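Below is one structure, written out as structure tokens, with a few remarks after it.
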Amino acid sequence: MSRTIWIDISDLLHYLAHHNRPSGIQRVVFELGRALVTIAPSQVRFVQRTGGPYNFETVDWSYLYALFATVTGVSPGQRQTMSDSATAPKKQIDAFIEPPETNTTLPALLRAQLHVLHQLVRMPGHIIRYRLQKAEIERSARIRRETRASETGLPVMPDRRIRLANAARPGDVFFVPGSPWHHADYVRTVRWLRDDLRMVFGLLIHDLIPIRHPEWCDRGVIMTFTQWHRSILPLADHVFVTSQSVASDVEAYAKEEGIIFDNPVTPVGMGSTFGVRTSDETTKKMPLLLSDENSPTALPASGDYVLFVSTLEARKNHSLLFRVWRRLLEERPADQVPVLIFAGRVGWLVSDLMQQLENADWLGGKIRLISNPTDDELAALYHGCLFTLFPSLFEGWGLPVTESLAFGRPCIASNATSIPEAGGPLTKYFDPENVDEATRVICATLDDPEELAAWQRKIVAEHKPGSWEQPARRIMTGYGL
Amino acid sequence: MARTSSTLVPTCTIWIDVDDLFQYAQANPRPSGIQRLVYEILNVIEARAALRADAPRIRFVRRSADGSPLSEVTLDDIAALFQKLSGTRKTTAARSSVTCDVNRTAPTASGRVRRAINTARQFVTSRTDACDRPLIQRLRHSTIRRLENMPSDISGPLLAVCVSQIRVLRQLRRHWREQRADSVPENLQPLSATDSVSSTDIHPQQQTSADINFSPRDIFLILGAAWADPHFGERLQVIRKRHGLRPVVLLYDLIPARRPEWCAHSLVRDFRHWLDTTLPQCSHMLAISTATARDVARYASEAGLHLAGSVRTIPLGTGFGLAAENTSSGMVESGLTVGLPRAGTYVLFVSTLEARKNHALLFRVWRRLIQELGRENVPTLVFAGRVGWLVADLMQQLDNTEWLDGKIRLLRDPGDTELRQLYRGCMFTVFPSLFEGWGLPVTESLMLGRPCIASNSTSIPEAGGKFARYFDPENTRDATAVIREIITSPETLAEWRKQVETNFPRVPWEDTADAILDACARAHAPEGSQKNATNAEEPVT
């Protein structure tokens with residue numbers, strides 16, 4: 001009798017319900033889930049926490065799939081409302097002593113109040129649209145289940161939720177690929193799984209940044225993350241990590257805390273394609289789709305820009321590139337400096353950086369921000385860029401680097417932590433804390449278009465996009481499944 | 001001393017503009033670097049002028065209350081203003097009683113200044129009124145939490161509505177305050193409204209330009225932060241055209257123009273406007289460092305400004321702030337302050353906390369040092385200064401690490417006595433700034449006999465000379481290596497310190513004043529001889 005692997009995706013579902021773009025961990029959980037379903041459809045089940053620490057119910061993969069596809073593909077028009085609200089108050093910065101020069105006359109106040117009411121009136125519309133979207137997800141999940149059933153000839157699985165307590169058998173495996181750190185009582189779940197249900201517990205650690213480098217994290221995450229790992233790690237039967245660099249970190253941490261693992265910490269690596277679309281349609285169709293005039297009009301002309309895909313947060317080191325671009329503009333004429341595009345959500349600990357960019361007028365437009373890009377927009381951005389940059393100070397893997405290679409675009413990346421593992425020999429590196437060196441490497445690439453073209457050809461010829469089935473198989477093997 | 005004596009020319013008067021000092025005092029409780037520096041020059045310039053063969057007269061002018069561009073003030077007025085500016089910190093506890101006293105007794109000039117400053121304080125504190133904050137903050141937090149639990153498609157627009165609504169309410173509050181302020185008695189009014197009132201109070205017997213006699217080719221000397229006045233260019237034009245004065249300007253740095261990212265939009269706008277309208281009108285331009293002189297030339301060529309000549313670098317006095325007093329005695333007597341880190345256990349960084357000063361680099365360096373040397377072998381890093389702008393994220397990062405578990409300390413708003421003691425007790429100082437016009441903390445540290453490891457950017461090597469050690473402020477590894485070498489080698493440090501203590505050359509403020517007077521003499525000379533004078537001394541470009 002084959003054992004089942006139960007995968008906790010509560011945090012992914014929660015995240016997708018509250019954010020409009022998945023970031024690194026969510027993408028990894030989704031891709032791993034999909035790969036596991038593909039290689040062992042009968043052995044993989046997904047569960048979601050529905051209440052207390054002992055309440056888990058199954059979720060069908062089709063539902064998760066439909067939800068993820070919807071979220072990553074939301075049209076830019078819909079996105080606009082969100083980015084508007086995020087950027088509207090940016091002009092007012094309290095740090096400066098002088099008050100913002102806003103009009104305080106009564107008519108101006110009335111106008112502003114009227115605007116608020118106008119926005120309020122549009123709220124029911126938003127709610128209705130949200131409800132419709134939800135129904136659409138349910139519908140496409142059902143269609144997916146039905147088509148799969150008709151393909152395999154099996155009866156349609158009803159989307160009925162089953163309680164884990166009733167379905168799990170001793171020896172089954174429980175796997176946490178994501179980030180359910182905000183559950184302070186998760187340790188009770190783990191004890192219950194192991195001691196009452198006689199299950200094997202394992203988790204995937206993406207990095208130990210909140211413990212090792214709390215300076216880059218949200219205060220709440222530091223506390224929940226540290227507490228969660230301190231209580232869970234001693235109970236983990238299997239610990240999987242993304243990279244060799246994280247493995248060393250985890251081993252060092254375990255030693256400090258006096259934790260002894262039964263099984264060695266296992267680096268599984270990461271795949272390199274992402275999103276629903278890239279593997280559904282073949283990758284060959286992508287360029288065709290995007291060279292089309294369909295590509296969003298807001299995106300810059302291809303070949304004129306350098307791309308940096310990442311959430312804007314202090315750890316990702318956007319400020320380094322700001323300084324590099326400042327230097328480029330001092331050293332050469334503006335028309336010889338390509339535009340630098342930051343593509344990503346505006347995250348935490350970057351308000352001062354954003355203010356500096358604002359003060360400097362985004363270097364006269366030489367730096368641009370494309371916030372919350374959809375997967376299609378991202379793909380278009382990758383296809384049109386000269387090369388990509390990834391100056392991050394600390395990573396557990398470095399998805400944007402492998403992503404760039406998978407799109408056949410050269411990447412100049414930071415040499416810190418795990419990034420060389422992700423980038424391999426086809427990537428160029430620099431010290432992310434040395435502006436001189438970064439400027440030198442970037443200049444050299446800009447000044448030698450022929451070399452850049454050769455480098456790009458080499459990537460297209462030699463790079464094999466890592467599939468997600470590899471890490472999925474390593475996890476199955478690790479569990480002995 | 002009189003190098004460019006031109007005895008044929010009638011005696012020249014140098015009109016020094018001090019308008020910005022008075023403007024500054026109305027809005028700020030303490031002098032910043034520029035005001036201190038100007039004051040040092042003003043203190044010696046009259047005596048130095050008297051020693052010269054051409055013996056120019058020194059007069060001080062500012063805008064008058066009635067709007068005419070020039071009215072005379074005395075050095076005593078400036079001294080009083082400055083004394084109050086520098087001495088206010090210790091009197092803050094007694095400020096309310098002082099305010100009352102001043103209101104009742106006959107107002108002296110100095111009392112008026114103090115009152116103006118206190119009014120400024122009250123105005124500032126009333127704006128950030130703390131009493132209603134906890135409630136609003138609680139409300140805000142619970143609202144945010146509730147929004148977080150909603151799907152983003154709904155919470156996004158809702159959040160936008162909330163933010164706009166809050167803004168409307170804020171504006172409403174301000175509107176109401178402004179209404180109220182219009183009807184309050186004079187002494188509680190915001191400063192902008194009392195501008196004219198307080199300025200006439202400070203100078204009851206000032207002369208306006210109608211009463212002053214200007215000779216053609218007299219000098220109009222601009223030493224301070226004149227860019228705060230948005231109409232300075234127009235004022236200068238009137239001064240030039242109507243009174244025939246020749247403007248000479250001293251420039252400190254071009255940071256707002258060259259690095260706008262570190263400045264408020266309004267400052268960038270005002271400063272560039274000031275440069276664009278002022279520089280082309282000036283007969284002579286002086287800079288406190290070669291780096292600044294270079295920046296001025298670069299800016300002028302980029303902005304297409306036509307300048308009368310090149311920019312000359314003048315020597316900057318080293319006796320400054322703390323180092324202005326007789327250092328050895330000053331440092332011995334001041335061992336009274338308590339609550340500071342133990343001497344010999346820390347490294348000091350004196351500076352306002354702002355993005356440009358690059359505190360972030362030292363945070364990273366100290367993290368590496370702890371990792372490489374072990375906690376017990378790394379001295380504490382002390383930040384001493386006001387918490388300024390664009391460092392909220394850095395402060396949050398420091399908070400997140402519990403300030404590297406205590407290895408970094410922040411001593412906010414240190415007083416002069418405290419600062420002196422901090423300097424005395426430190427192993428050495430650090431100054432990783434990314435951009436400066438000079439680098440006063442470097443000079444200050446060296447004057448007080450403490451070695452300094454400093455950034456090698458812009459003007460800082462000019463300030464530290466061969467007595468400081470340098471690193472690239474944008475290279476953490478380089479900075480770590482230089483600092484680690486000194487931390488791990490006490491003998492090198494001791495030797496270096498001895499060298500600094502005995503050999504660091506003191507530049508008297510008289511040298512600065514002389515250089516300025518030279519430039520004034522050249523500007524005063526008739527066109528023909530002016531050219532010769534310019535050619536004779538090779539200008540710095």
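In the structure tokens, chains take the letters A, B, ... in the order shown, each chain's residues start at 1, and ligands count up from 1 in the order shown.
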Practice prompt. Determine which residues of chain B sit within 6 Å of chain A, taking into account only C-alpha atoms, and present them as a list in words.
Written response: Pro151, Ser152, Gly156, Ala160, Val161, Gln171, His175, Pro260, Glu261, His265, Trp389, Leu390, Asp393, Gln397, Asn400, Thr401, Glu474, Asn475 and Thr476 of chain B
Would you save the residues of that selection, restricted to C-alpha atoms, as a PDB file, in the first residue's frame?
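Output saved as selection_6.pdb:
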ATOM      1  CA  PRO B 151      -9.489  39.875  -0.390  1.00  0.00           C
ATOM      2  CA  SER B 152      -7.172  42.333  -2.075  1.00  0.00           C
ATOM      3  CA  GLY B 156      -7.374  47.790  -2.327  1.00  0.00           C
ATOM      4  CA  ALA B 160      -7.687  54.047  -1.300  1.00  0.00           C
ATOM      5  CA  VAL B 161     -10.955  55.480  -0.046  1.00  0.00           C
ATOM      6  CA  GLN B 171      -6.537  69.115   5.605  1.00  0.00           C
ATOM      7  CA  HIS B 175      -7.647  74.585   7.674  1.00  0.00           C
ATOM      8  CA  PRO B 260      18.788  65.892  -5.403  1.00  0.00           C
ATOM      9  CA  GLU B 261      17.903  62.460  -4.026  1.00  0.00           C
ATOM     10  CA  HIS B 265      12.012  68.936  -3.635  1.00  0.00           C
ATOM     11  CA  TRP B 389      15.587  62.559   7.037  1.00  0.00           C
ATOM     12  CA  LEU B 390      15.481  59.508   4.783  1.00  0.00           C
ATOM     13  CA  ASP B 393      14.070  52.436   6.986  1.00  0.00           C
ATOM     14  CA  GLN B 397      16.603  47.793  10.221  1.00  0.00           C
ATOM     15  CA  ASN B 400      15.095  44.701  13.884  1.00  0.00           C
ATOM     16  CA  THR B 401      18.574  43.577  14.887  1.00  0.00           C
ATOM     17  CA  GLU B 474      30.419  52.466  -1.562  1.00  0.00           C
ATOM     18  CA  ASN B 475      32.473  49.355  -0.929  1.00  0.00           C
ATOM     19  CA  THR B 476      31.684  47.487   2.266  1.00  0.00           C
TER      20      THR B 476
END
Discussion item. Just list as a ChimeraX atom specification whatever in stretch 301-373 of chain A DSSP marks as helix (DSSP H, G or I).
Written reply: /A:314-316,318-331,334-336,351-359,361-365
Worksheet item: Neighbours of B:Thr429 within 6 Å (only C-alpha atoms; same-chain residues fewer than 6 positions away dropped), as a list in words?
Response: Val347, Leu348, Phe349 and Cys452 of chain B
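Atom CA of A:Arg21 is positioned 19.3 Å from atom CA of A:Gly271.
Within the 10 Å cut-off around B:Val44, using only C-alpha atoms and omitting residues fewer than 5 positions from it on the same chain, the listed residues are Tyr39, Ala49, Pro508, Trp509, Glu510, Asp511, Thr512, Ala513 and Asp514 of chain B.
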Fill in: Spatial neighbours of A:Arg45, 10 Å, only C-alpha atoms, chain gap at least 6 places, as a ChimeraX atom specification
/A:4-8,33,36-37,58-61,164,174
May I have the residues from that selection written out with C-alpha atoms, as a CSV table (one decimal), in the first residue's frame?
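Dumped to part_22.csv:
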chain,number,residue,atom,x,y,z
A,4,THR,CA,0.3,9.4,0.8
A,5,ILE,CA,2.0,12.8,1.0
A,6,TRP,CA,-0.2,15.4,2.4
A,7,ILE,CA,0.9,18.9,1.5
A,8,ASP,CA,-0.2,21.9,3.6
A,33,GLY,CA,2.7,21.0,-6.0
A,36,LEU,CA,4.3,16.3,-7.4
A,37,VAL,CA,0.8,15.9,-8.8
A,58,THR,CA,-8.5,18.4,1.6
A,59,VAL,CA,-8.4,20.9,-1.3
A,60,ASP,CA,-8.5,19.6,-4.8
A,61,TRP,CA,-5.6,20.6,-7.0
A,164,LEU,CA,-7.3,14.8,7.4
A,174,PHE,CA,3.0,15.6,6.0
Worksheet entry | Exercise: A:Val324 partners within 6 Å, only C-alpha atoms, chain neighbours under 3 positions left out, as JSON, numbers by chain | {"A": [321, 327, 439]}
Item to complete: Name the residues in contact with A:Gly269 at a cut-off of 9 Å, using only C-alpha atoms, excluding same-chain residues fewer than 3 positions from it; report them as an MDAnalysis selection string.
Response: chainID A and resid 241:244 397 421:422 466 468 470:471 474
Worksheet item: Please, what distance in Å, to one decimal, runs between atom CA of A:Cys443 and atom CA of A:Ile459?
Response: 20.2 Å
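Of the residues in stretch 1-222 of chain A, those that DSSP places in strand (DSSP E) on the basis of the backbone are Ile5, Trp6, Ile7, Asp8, Val44, Arg45, Phe46, Val47, Gln48, Arg49, Phe56, Glu57, Thr58, Val59, Val173, Phe174, Phe175, Val176, Val200, Phe201, Gly202, Leu203, Leu204 and Ile205 of chain A.
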